[in-house]
$ cat work17.cif   # mmCIF, C-alpha atoms
data_input
loop_
_atom_site.label_atom_id
_atom_site.label_comp_id
_atom_site.auth_asym_id
_atom_site.auth_seq_id
_atom_site.Cartn_x
_atom_site.Cartn_y
_atom_site.Cartn_z
CA MET A 1 0.00 0.00 0.00
CA SER A 2 1.50 3.28 -1.09
CA LEU A 3 -1.25 5.64 0.04
CA PRO A 4 0.89 7.07 2.89
CA HIS A 5 3.61 7.94 0.38
CA VAL A 6 1.12 9.54 -1.99
CA LEU A 7 -0.17 11.65 0.93
CA LEU A 8 3.38 12.57 1.96
CA GLY A 9 4.10 13.64 -1.61
CA VAL A 10 1.06 15.93 -1.69
CA LEU A 11 1.82 17.38 1.76
CA GLU A 12 5.37 18.14 0.61
CA ALA A 13 3.78 21.04 -1.30
CA ARG A 14 2.14 22.56 1.81
CA PRO A 15 0.11 21.63 4.92
CA MET A 16 -3.47 20.61 4.17
CA SER A 17 -6.57 19.50 6.03
CA GLY A 18 -8.05 16.04 5.60
CA TYR A 19 -10.89 17.67 3.70
CA GLU A 20 -8.55 19.36 1.23
CA LEU A 21 -6.77 16.04 0.70
CA THR A 22 -10.01 14.18 -0.02
CA GLN A 23 -10.95 16.92 -2.49
CA LEU A 24 -7.61 16.52 -4.27
CA PHE A 25 -8.02 12.73 -4.38
CA GLY A 26 -11.46 13.22 -5.88
CA ALA A 27 -10.04 15.51 -8.58
CA SER A 28 -6.50 15.76 -9.98
CA THR A 29 -4.73 13.17 -7.81
CA ARG A 30 -7.14 10.42 -8.78
CA TRP A 31 -5.54 10.28 -12.23
CA VAL A 32 -2.39 8.98 -10.59
CA TRP A 33 -3.66 7.38 -7.38
CA SER A 34 -7.27 6.78 -6.56
CA ALA A 35 -8.25 6.57 -2.86
CA PRO A 36 -11.67 6.88 -1.25
CA GLN A 37 -12.25 9.20 1.68
CA SER A 38 -12.71 6.13 3.89
CA GLN A 39 -9.00 5.29 3.40
CA ILE A 40 -7.57 8.79 3.69
CA TYR A 41 -8.59 9.70 7.26
CA PRO A 42 -7.36 6.43 8.84
CA ALA A 43 -4.10 6.73 6.86
CA LEU A 44 -3.55 10.27 8.18
CA LYS A 45 -4.20 9.12 11.75
CA LYS A 46 -1.68 6.31 11.43
CA MET A 47 0.90 8.56 9.75
CA GLU A 48 0.51 11.04 12.61
CA ASP A 49 1.00 8.24 15.16
CA ASN A 50 4.14 7.23 13.28
CA GLY A 51 5.54 10.77 13.33
CA LEU A 52 5.46 11.23 9.53
CA ILE A 53 3.06 14.16 9.77
CA THR A 54 1.82 16.47 12.53
CA GLY A 55 -1.78 17.59 12.88
CA GLU A 56 -2.58 21.07 14.13
CA GLU A 57 -6.09 22.07 15.23
CA GLN A 58 -7.22 25.30 13.61
CA THR A 59 -10.31 27.23 14.62
CA ARG A 60 -12.58 28.38 11.85
CA GLY A 61 -15.31 30.84 12.83
CA THR A 62 -16.58 30.52 16.40
CA ARG A 63 -17.10 26.81 16.84
CA MET A 64 -15.64 24.97 13.86
CA THR A 65 -12.21 23.41 14.07
CA ARG A 66 -10.23 21.48 11.52
CA THR A 67 -6.96 19.59 11.65
CA VAL A 68 -4.26 20.72 9.26
CA TYR A 69 -1.52 18.18 8.57
CA ALA A 70 2.09 19.05 7.79
CA ILE A 71 4.89 16.73 6.73
CA THR A 72 7.64 16.29 9.36
CA ASP A 73 11.38 15.92 8.74
CA GLU A 74 10.89 12.22 9.43
CA GLY A 75 8.06 12.14 6.86
CA LEU A 76 10.19 13.84 4.23
CA ARG A 77 13.00 11.37 4.93
CA GLU A 78 10.56 8.45 4.55
CA LEU A 79 9.16 9.91 1.31
CA LYS A 80 12.63 10.37 -0.23
CA GLU A 81 13.68 6.89 0.83
CA TRP A 82 10.57 5.40 -0.83
CA ILE A 83 10.95 7.43 -4.04
CA GLY A 84 14.42 6.00 -4.61
CA THR A 85 13.54 2.37 -3.88
CA PRO A 86 12.70 0.09 -6.83
CA LEU A 87 9.33 -1.54 -6.14
CA PRO A 88 8.09 -4.91 -7.40
CA ILE A 89 5.79 -4.71 -10.42
CA PRO A 90 2.20 -4.96 -9.12
CA PRO A 91 0.32 -8.11 -10.12
CA SER A 92 -1.56 -7.96 -13.44
CA ARG A 93 -5.31 -7.65 -13.09
CA ASP A 94 -6.81 -6.21 -16.21
CA ALA A 95 -10.42 -7.29 -16.65
CA LEU A 96 -10.62 -5.90 -20.21
CA GLU A 97 -7.72 -8.13 -21.25
CA VAL A 98 -9.54 -11.15 -19.86
CA GLN A 99 -12.67 -10.14 -21.76
CA ALA A 100 -10.61 -9.65 -24.93
CA LEU A 101 -9.06 -13.12 -24.56
CA TYR A 102 -12.55 -14.57 -25.00
CA PHE A 103 -14.03 -12.18 -27.56
CA ASP A 104 -14.36 -15.15 -29.94
CA LEU A 105 -17.10 -16.53 -27.63
CA VAL A 106 -19.50 -13.60 -28.10
CA PRO A 107 -21.11 -11.86 -31.08
CA ALA A 108 -18.71 -9.38 -32.73
CA GLU A 109 -21.13 -6.56 -31.95
CA SER A 110 -20.93 -7.17 -28.16
CA ALA A 111 -17.16 -7.26 -28.23
CA LYS A 112 -17.04 -4.10 -30.36
CA ARG A 113 -19.25 -2.28 -27.89
CA VAL A 114 -16.80 -3.13 -25.09
CA LEU A 115 -13.85 -1.88 -27.14
CA LYS A 116 -15.63 1.32 -28.22
CA GLU A 117 -16.45 2.13 -24.61
CA PHE A 118 -12.82 1.50 -23.70
CA ILE A 119 -11.61 3.78 -26.51
CA SER A 120 -13.89 6.53 -25.30
CA GLU A 121 -12.58 6.21 -21.70
CA GLN A 122 -8.98 6.17 -22.90
CA GLU A 123 -9.63 9.28 -25.01
CA THR A 124 -10.82 11.08 -21.87
CA ALA A 125 -7.70 9.93 -20.00
CA LEU A 126 -5.52 11.04 -22.93
CA GLU A 127 -7.12 14.46 -23.02
CA HIS A 128 -6.60 14.92 -19.28
CA ALA A 129 -2.99 13.74 -19.44
CA GLU A 130 -2.09 16.03 -22.34
CA ALA A 131 -3.73 19.03 -20.66
CA HIS A 132 -1.99 18.34 -17.35
CA GLU A 133 1.37 17.81 -19.05
CA ALA A 134 0.99 21.21 -20.73
CA ARG A 135 0.04 22.92 -17.46
CA LEU A 136 3.02 21.45 -15.66
CA LEU A 137 5.41 22.45 -18.45
CA ALA A 138 3.95 25.98 -18.17
CA LYS A 139 4.49 25.76 -14.35
CA ASP A 140 0.81 26.54 -14.07
CA THR A 141 -0.53 24.30 -11.28
CA GLU A 142 -1.14 25.47 -7.74
CA LEU A 143 0.82 22.67 -6.09
CA LEU A 144 3.84 23.06 -8.37
CA ARG A 145 3.94 26.79 -7.72
CA GLU A 146 3.92 26.08 -3.98
CA ARG A 147 6.66 23.51 -4.28
CA MET A 148 8.78 25.90 -6.34
CA THR A 149 8.69 28.61 -3.66
CA LYS A 150 10.81 26.31 -1.48
CA ARG A 151 13.40 25.53 -4.15
CA PRO A 152 16.10 27.53 -5.96
CA VAL A 153 14.84 29.05 -9.21
CA GLU A 154 17.45 27.19 -11.28
CA GLN A 155 15.70 23.90 -10.33
CA HIS A 156 12.23 24.97 -11.46
CA ASP A 157 12.50 23.95 -15.11
CA ARG A 158 13.76 20.49 -14.20
CA MET A 159 11.01 20.04 -11.59
CA ALA A 160 8.35 20.97 -14.15
CA ARG A 161 9.80 18.76 -16.88
CA LEU A 162 10.10 15.71 -14.60
CA LYS A 163 6.53 16.06 -13.37
CA ALA A 164 5.17 16.73 -16.87
CA HIS A 165 6.95 13.60 -18.05
CA VAL A 166 4.72 11.44 -15.82
CA PHE A 167 1.66 12.72 -17.68
CA ALA A 168 3.42 12.42 -21.03
CA GLY A 169 3.76 8.73 -20.09
CA HIS A 170 0.05 8.50 -19.25
CA ALA A 171 -0.76 10.01 -22.60
CA ALA A 172 1.57 7.68 -24.48
CA VAL A 173 0.06 4.59 -22.81
CA ALA A 174 -3.47 5.84 -23.56
CA ARG A 175 -2.54 6.36 -27.24
CA THR A 176 -1.06 2.85 -27.38
CA ARG A 177 -4.21 1.36 -25.85
CA ILE A 178 -6.48 3.26 -28.24
CA ALA A 179 -4.49 1.97 -31.22
CA TRP A 180 -4.70 -1.56 -29.76
CA ALA A 181 -8.48 -1.34 -29.36
CA GLN A 182 -8.89 0.05 -32.87
CA GLU A 183 -6.93 -2.87 -34.27
CA GLY A 184 -9.19 -5.13 -32.18
CA LEU A 185 -12.28 -3.62 -33.83
CA ARG A 186 -10.72 -4.44 -37.21
CA LEU A 187 -9.90 -8.04 -36.18
CA LEU A 188 -13.44 -8.61 -34.90
CA ASP A 189 -14.79 -7.87 -38.36
CA GLU A 190 -12.63 -10.54 -39.99
CA MET B 191 -13.60 -8.86 -8.57
CA SER B 192 -13.28 -10.74 -11.85
CA LEU B 193 -11.53 -13.87 -10.61
CA PRO B 194 -14.65 -16.07 -11.13
CA HIS B 195 -14.78 -14.94 -14.76
CA VAL B 196 -11.08 -15.60 -15.26
CA LEU B 197 -11.61 -19.11 -13.86
CA LEU B 198 -14.66 -19.67 -16.06
CA GLY B 199 -12.61 -18.58 -19.09
CA VAL B 200 -9.88 -21.11 -18.30
CA LEU B 201 -12.39 -23.90 -17.61
CA GLU B 202 -14.03 -23.21 -20.95
CA ALA B 203 -10.99 -24.99 -22.46
CA ARG B 204 -11.50 -28.18 -20.42
CA PRO B 205 -12.28 -29.41 -16.87
CA MET B 206 -9.41 -28.93 -14.42
CA SER B 207 -8.62 -29.62 -10.78
CA GLY B 208 -8.00 -26.82 -8.32
CA TYR B 209 -4.35 -27.81 -8.33
CA GLU B 210 -4.08 -27.47 -12.11
CA LEU B 211 -5.74 -24.05 -11.88
CA THR B 212 -3.32 -22.83 -9.23
CA GLN B 213 -0.41 -24.06 -11.38
CA LEU B 214 -1.76 -22.09 -14.35
CA PHE B 215 -2.21 -18.95 -12.23
CA GLY B 216 1.37 -19.33 -11.08
CA ALA B 217 2.59 -19.58 -14.68
CA SER B 218 0.99 -18.33 -17.90
CA THR B 219 -2.27 -16.90 -16.54
CA ARG B 220 -0.47 -14.59 -14.10
CA TRP B 221 0.60 -12.40 -17.02
CA VAL B 222 -3.04 -11.47 -17.49
CA TRP B 223 -4.55 -12.06 -14.05
CA SER B 224 -2.62 -12.74 -10.91
CA ALA B 225 -4.36 -14.65 -8.12
CA PRO B 226 -2.87 -16.46 -5.13
CA GLN B 227 -3.87 -20.01 -4.29
CA SER B 228 -5.65 -18.65 -1.19
CA GLN B 229 -8.20 -16.93 -3.46
CA ILE B 230 -8.66 -19.70 -6.02
CA TYR B 231 -10.06 -22.48 -3.82
CA PRO B 232 -12.69 -20.32 -2.07
CA ALA B 233 -13.70 -18.85 -5.46
CA LEU B 234 -14.20 -22.36 -6.89
CA LYS B 235 -16.31 -23.36 -3.88
CA LYS B 236 -18.53 -20.31 -4.29
CA MET B 237 -18.84 -20.80 -8.05
CA GLU B 238 -19.87 -24.40 -7.46
CA ASP B 239 -22.50 -23.27 -4.93
CA ASN B 240 -23.78 -20.79 -7.55
CA GLY B 241 -24.06 -23.48 -10.22
CA LEU B 242 -21.42 -21.94 -12.52
CA ILE B 243 -19.20 -25.02 -12.29
CA THR B 244 -19.59 -28.60 -11.11
CA GLY B 245 -16.99 -30.49 -9.13
CA GLU B 246 -16.46 -34.19 -9.68
CA GLU B 247 -14.45 -36.34 -7.27
CA GLN B 248 -11.87 -38.44 -9.05
CA THR B 249 -9.88 -41.23 -7.47
CA ARG B 250 -6.15 -41.26 -8.12
CA GLY B 251 -4.29 -44.38 -7.02
CA THR B 252 -5.75 -46.20 -4.05
CA ARG B 253 -6.46 -43.44 -1.57
CA MET B 254 -5.97 -40.08 -3.27
CA THR B 255 -8.93 -38.17 -4.60
CA ARG B 256 -9.13 -34.83 -6.32
CA THR B 257 -12.00 -32.64 -7.44
CA VAL B 258 -12.16 -31.78 -11.12
CA TYR B 259 -14.22 -28.73 -12.01
CA ALA B 260 -16.16 -28.30 -15.25
CA ILE B 261 -17.99 -25.24 -16.50
CA THR B 262 -21.80 -25.63 -16.61
CA ASP B 263 -24.19 -24.20 -19.22
CA GLU B 264 -25.07 -21.56 -16.66
CA GLY B 265 -21.37 -20.79 -16.18
CA LEU B 266 -20.83 -20.43 -19.91
CA ARG B 267 -23.82 -18.11 -20.12
CA GLU B 268 -22.45 -16.00 -17.25
CA LEU B 269 -18.99 -15.88 -18.89
CA LYS B 270 -20.40 -14.74 -22.24
CA GLU B 271 -22.60 -12.15 -20.58
CA TRP B 272 -19.59 -10.72 -18.73
CA ILE B 273 -17.32 -10.70 -21.80
CA GLY B 274 -19.78 -8.49 -23.66
CA THR B 275 -20.39 -6.01 -20.83
CA PRO B 276 -18.34 -2.78 -20.80
CA LEU B 277 -16.68 -2.49 -17.36
CA PRO B 278 -15.69 0.70 -15.56
CA ILE B 279 -12.00 1.58 -15.84
CA PRO B 280 -10.31 0.39 -12.65
CA PRO B 281 -8.95 3.14 -10.38
CA SER B 282 -5.39 4.29 -11.08
CA ARG B 283 -2.82 3.05 -8.60
CA ASP B 284 0.61 3.11 -10.08
CA ALA B 285 3.29 3.47 -7.41
CA LEU B 286 6.05 4.06 -9.97
CA GLU B 287 4.18 7.07 -11.33
CA VAL B 288 3.95 8.50 -7.83
CA GLN B 289 7.68 7.94 -7.36
CA ALA B 290 8.36 9.59 -10.72
CA LEU B 291 6.26 12.62 -9.77
CA TYR B 292 8.77 13.31 -6.99
CA PHE B 293 12.03 12.29 -8.67
CA ASP B 294 13.19 15.90 -8.29
CA LEU B 295 13.39 15.30 -4.50
CA VAL B 296 16.04 12.59 -4.67
CA PRO B 297 19.53 12.30 -6.17
CA ALA B 298 19.40 11.58 -9.92
CA GLU B 299 21.24 8.30 -9.32
CA SER B 300 18.48 6.94 -7.03
CA ALA B 301 15.78 7.86 -9.50
CA LYS B 302 17.75 6.32 -12.36
CA ARG B 303 18.13 3.07 -10.44
CA VAL B 304 14.33 2.90 -10.06
CA LEU B 305 13.81 3.52 -13.79
CA LYS B 306 16.47 1.03 -14.83
CA GLU B 307 14.88 -1.67 -12.68
CA PHE B 308 11.51 -0.83 -14.23
CA ILE B 309 12.97 -1.05 -17.76
CA SER B 310 14.40 -4.45 -16.97
CA GLU B 311 11.03 -5.71 -15.65
CA GLN B 312 9.21 -4.31 -18.67
CA GLU B 313 11.72 -5.97 -21.00
CA THR B 314 10.91 -9.32 -19.37
CA ALA B 315 7.19 -8.64 -19.79
CA LEU B 316 7.76 -7.63 -23.42
CA GLU B 317 9.71 -10.78 -24.14
CA HIS B 318 6.99 -12.96 -22.62
CA ALA B 319 4.21 -11.11 -24.47
CA GLU B 320 5.94 -11.36 -27.85
CA ALA B 321 6.68 -15.06 -27.36
CA HIS B 322 3.10 -15.81 -26.30
CA GLU B 323 1.66 -13.78 -29.18
CA ALA B 324 3.77 -15.83 -31.60
CA ARG B 325 2.70 -19.13 -29.99
CA LEU B 326 -0.98 -18.19 -30.21
CA LEU B 327 -0.65 -17.10 -33.85
CA ALA B 328 0.97 -20.50 -34.52
CA LYS B 329 -1.96 -22.14 -32.61
CA ASP B 330 0.69 -23.71 -30.45
CA THR B 331 -0.64 -23.54 -26.87
CA GLU B 332 -2.26 -26.47 -25.08
CA LEU B 333 -5.36 -24.53 -24.03
CA LEU B 334 -5.98 -23.05 -27.48
CA ARG B 335 -5.67 -26.49 -29.08
CA GLU B 336 -8.25 -27.81 -26.60
CA ARG B 337 -10.60 -24.92 -27.27
CA MET B 338 -10.29 -25.42 -31.03
CA THR B 339 -11.38 -29.07 -30.83
CA LYS B 340 -14.84 -27.81 -29.85
CA ARG B 341 -15.14 -25.25 -32.64
CA PRO B 342 -15.49 -25.41 -36.45
CA VAL B 343 -12.13 -25.29 -38.20
CA GLU B 344 -13.05 -22.16 -40.13
CA GLN B 345 -13.12 -20.26 -36.79
CA HIS B 346 -9.64 -21.34 -35.70
CA ASP B 347 -7.66 -18.55 -37.39
CA ARG B 348 -9.90 -15.85 -35.95
CA MET B 349 -9.71 -17.39 -32.44
CA ALA B 350 -5.93 -17.43 -32.62
CA ARG B 351 -5.67 -13.89 -33.98
CA LEU B 352 -8.02 -12.43 -31.34
CA LYS B 353 -6.16 -14.11 -28.48
CA ALA B 354 -2.75 -13.18 -29.91
CA HIS B 355 -3.93 -9.57 -30.15
CA VAL B 356 -4.24 -9.38 -26.34
CA PHE B 357 -0.53 -10.17 -26.03
CA ALA B 358 0.33 -7.84 -28.91
CA GLY B 359 -1.32 -5.15 -26.74
CA HIS B 360 0.76 -6.19 -23.72
CA ALA B 361 3.88 -5.92 -25.84
CA ALA B 362 2.91 -2.51 -27.22
CA VAL B 363 2.26 -1.10 -23.74
CA ALA B 364 5.58 -2.53 -22.47
CA ARG B 365 7.43 -0.89 -25.41
CA THR B 366 5.70 2.43 -24.68
CA ARG B 367 6.66 2.23 -21.01
CA ILE B 368 10.26 1.36 -21.82
CA ALA B 369 10.51 4.38 -24.15
CA TRP B 370 8.95 6.54 -21.40
CA ALA B 371 11.47 5.34 -18.81
CA GLN B 372 14.37 5.87 -21.22
CA GLU B 373 13.25 9.46 -21.82
CA GLY B 374 13.05 9.79 -18.01
CA LEU B 375 16.68 8.70 -17.68
CA ARG B 376 17.61 11.42 -20.16
CA LEU B 377 15.57 14.08 -18.31
CA LEU B 378 17.16 13.17 -14.98
CA ASP B 379 20.58 13.99 -16.40
CA GLU B 380 19.52 17.52 -17.38
#

$ encode --input "work17.cif" --output "structure tokens"
Amino acid sequence: MSLPHVLLGVLEARPMSGYELTQLFGASTRWVWSAPQSQIYPALKKMEDNGLITGEEQTRGTRMTRTVYAITDEGLRELKEWIGTPLPIPPSRDALEVQALYFDLVPAESAKRVLKEFISEQETALEHAEAHEARLLAKDTELLRERMTKRPVEQHDRMARLKAHVFAGHAAVARTRIAWAQEGLRLLDE
Amino acid sequence: MSLPHVLLGVLEARPMSGYELTQLFGASTRWVWSAPQSQIYPALKKMEDNGLITGEEQTRGTRMTRTVYAITDEGLRELKEWIGTPLPIPPSRDALEVQALYFDLVPAESAKRVLKEFISEQETALEHAEAHEARLLAKDTELLRERMTKRPVEQHDRMARLKAHVFAGHAAVARTRIAWAQEGLRLLDE
């Protein structure tokens, strides 16, 4: 489970409340790592117990309070250690591939509907990845701007290019999968 | 969870014991769907209870027995129904991508070690996918031969091409990822 490391990576930009984190995981972060709210709060609690983050109660208005979490030196050390450690490839579990293995068992039209739906989802993912790559290259995301304030200006271009490259990879995989599915549509008609 | 459908797909070739199934999931099937032995036996039990498969006790030698599972008509119907149903894209959880998002936080050498390890794993996956694609195109796998015995000869080429196409897709994605990681190595040196 890498959720703690994903959370540490986000908090490296700036301290955030649990609510802000769940909002991020519902929006931009979900393209890289999807986590439901039900996992995020327990993970934060455990990370706090382990000294990777500290929670600070903040008062909002007269009665509302919220906890804002900040990464600790220990948390930053743990994050850096994890980033530089080769991880085992996760096990393969791709339901579409299993479906595609048995497309010969169903009418071509059913199989084509599955592939067309997949192409449409991959096109959405591609569009998001290309847009996010462009925003990162333009240093135009809130989190990147916050991270850059803590780093020498001569590192900013490299930071932006390395982060953009992750989304360039997303886009390239999506394009490869779309081409694969299109070839599948052609094969089904044979 | 698609494990029952993966098992139904395998059993469509021929009846197998739980032991044979776990051997398959430890070898060829793991490239498409990885499942530990601890999941396979309970899944078979539940599928039997649901009438998707039937188990038959076979005696081996004087005292050994084993249960051999066969797909039922109901199981085949369920498998075909599932194959033709578009599924939601699974949530993104790619730890390497999270690591790569923060490569700017660690020495270039650590990040490069992670990418080089990834390239080596992807090269293994590519090699397997290309070899399996070639074997399927040559109709040279045991399971495909067994499936073909139940189908008219004029369908055999299409069956082989559709199944080979799944591994062609694996290979294409592995090549895309290798190119991505190589570009990452170049960016880290900037």

$ resolve_selection --input "work17.cif" --expression "the PyMOL selection byres ((chain A) within 6 of (chain B))" --output "ChimeraX atom specification"
/A:32-34,83-84,86,91-93,99,101,104,110-111,114,159,163,169,180

$ atom_distance --input "work17.cif" --atom1 "CA of Gln248 in chain B" --atom2 "CA of Arg341 in chain B"
27.2 Å

$ axis_aligned_box --input "work17.cif" --around "range 11-18 of chain A" --padding-each-side "3 Å" --output "AutoDock Vina command-line options"
--center_x -1.3 --center_y 19.3 --center_z 2.4 --size_x 19.4 --size_y 12.5 --size_z 13.3

$ resolve_selection --input "work17.cif" --expression "the PyMOL selection byres ((chain B and resi 335) around 12)" --output "MDAnalysis selection string"
chainID B and resid 203:204 325:334 336:341 343 346:347 349:350

$ atom_distance --input "work17.cif" --atom1 "CA of Tyr41 in chain A" --atom2 "CA of Thr65 in chain A"
15.7 Å

$ resolve_selection --input "work17.cif" --expression "the PyMOL selection byres ((chain B and resi 319) around 7)" --output "short mmCIF file (atom, residue, chain, number, x, y, z; two decimals) with C-alpha atoms, in the coordinates of the input"
data_model
loop_
_atom_site.label_atom_id
_atom_site.label_comp_id
_atom_site.auth_asym_id
_atom_site.auth_seq_id
_atom_site.Cartn_x
_atom_site.Cartn_y
_atom_site.Cartn_z
CA ALA B 315 7.19 -8.64 -19.79
CA LEU B 316 7.76 -7.63 -23.42
CA GLU B 317 9.71 -10.78 -24.14
CA HIS B 318 6.99 -12.96 -22.62
CA GLU B 320 5.94 -11.36 -27.85
CA ALA B 321 6.68 -15.06 -27.36
CA HIS B 322 3.10 -15.81 -26.30
CA GLU B 323 1.66 -13.78 -29.18
CA PHE B 357 -0.53 -10.17 -26.03
CA ALA B 358 0.33 -7.84 -28.91
CA HIS B 360 0.76 -6.19 -23.72
CA ALA B 361 3.88 -5.92 -25.84
#

$ build_atoms --input "work17.cif" --residues "range 295-308 of chain B" --atoms "N, CA and C atoms" --output "CSV table (one decimal), in the coordinates of the input"
chain,number,residue,atom,x,y,z
B,295,LEU,N,13.0,15.2,-5.9
B,295,LEU,CA,13.4,15.3,-4.5
B,295,LEU,C,14.6,14.4,-4.1
B,296,VAL,N,15.0,13.5,-5.0
B,296,VAL,CA,16.0,12.6,-4.7
B,296,VAL,C,17.2,12.7,-5.6
B,297,PRO,N,18.4,12.2,-5.3
B,297,PRO,CA,19.5,12.3,-6.2
B,297,PRO,C,19.2,11.6,-7.5
B,298,ALA,N,19.7,12.2,-8.6
B,298,ALA,CA,19.4,11.6,-9.9
B,298,ALA,C,19.8,10.1,-10.0
B,299,GLU,N,20.8,9.7,-9.3
B,299,GLU,CA,21.2,8.3,-9.3
B,299,GLU,C,20.2,7.4,-8.7
B,300,SER,N,19.5,7.8,-7.6
B,300,SER,CA,18.5,6.9,-7.0
B,300,SER,C,17.3,6.8,-8.0
B,301,ALA,N,16.9,7.9,-8.6
B,301,ALA,CA,15.8,7.9,-9.5
B,301,ALA,C,16.1,7.0,-10.7
B,302,LYS,N,17.3,7.1,-11.2
B,302,LYS,CA,17.8,6.3,-12.4
B,302,LYS,C,17.8,4.8,-12.0
B,303,ARG,N,18.1,4.5,-10.8
B,303,ARG,CA,18.1,3.1,-10.4
B,303,ARG,C,16.7,2.5,-10.5
B,304,VAL,N,15.7,3.3,-10.0
B,304,VAL,CA,14.3,2.9,-10.1
B,304,VAL,C,13.9,2.7,-11.5
B,305,LEU,N,14.2,3.6,-12.4
B,305,LEU,CA,13.8,3.5,-13.8
B,305,LEU,C,14.5,2.4,-14.5
B,306,LYS,N,15.8,2.1,-14.2
B,306,LYS,CA,16.5,1.0,-14.8
B,306,LYS,C,15.9,-0.3,-14.4
B,307,GLU,N,15.5,-0.4,-13.2
B,307,GLU,CA,14.9,-1.7,-12.7
B,307,GLU,C,13.5,-1.9,-13.4
B,308,PHE,N,12.8,-0.8,-13.5
B,308,PHE,CA,11.5,-0.8,-14.2
B,308,PHE,C,11.7,-1.3,-15.7
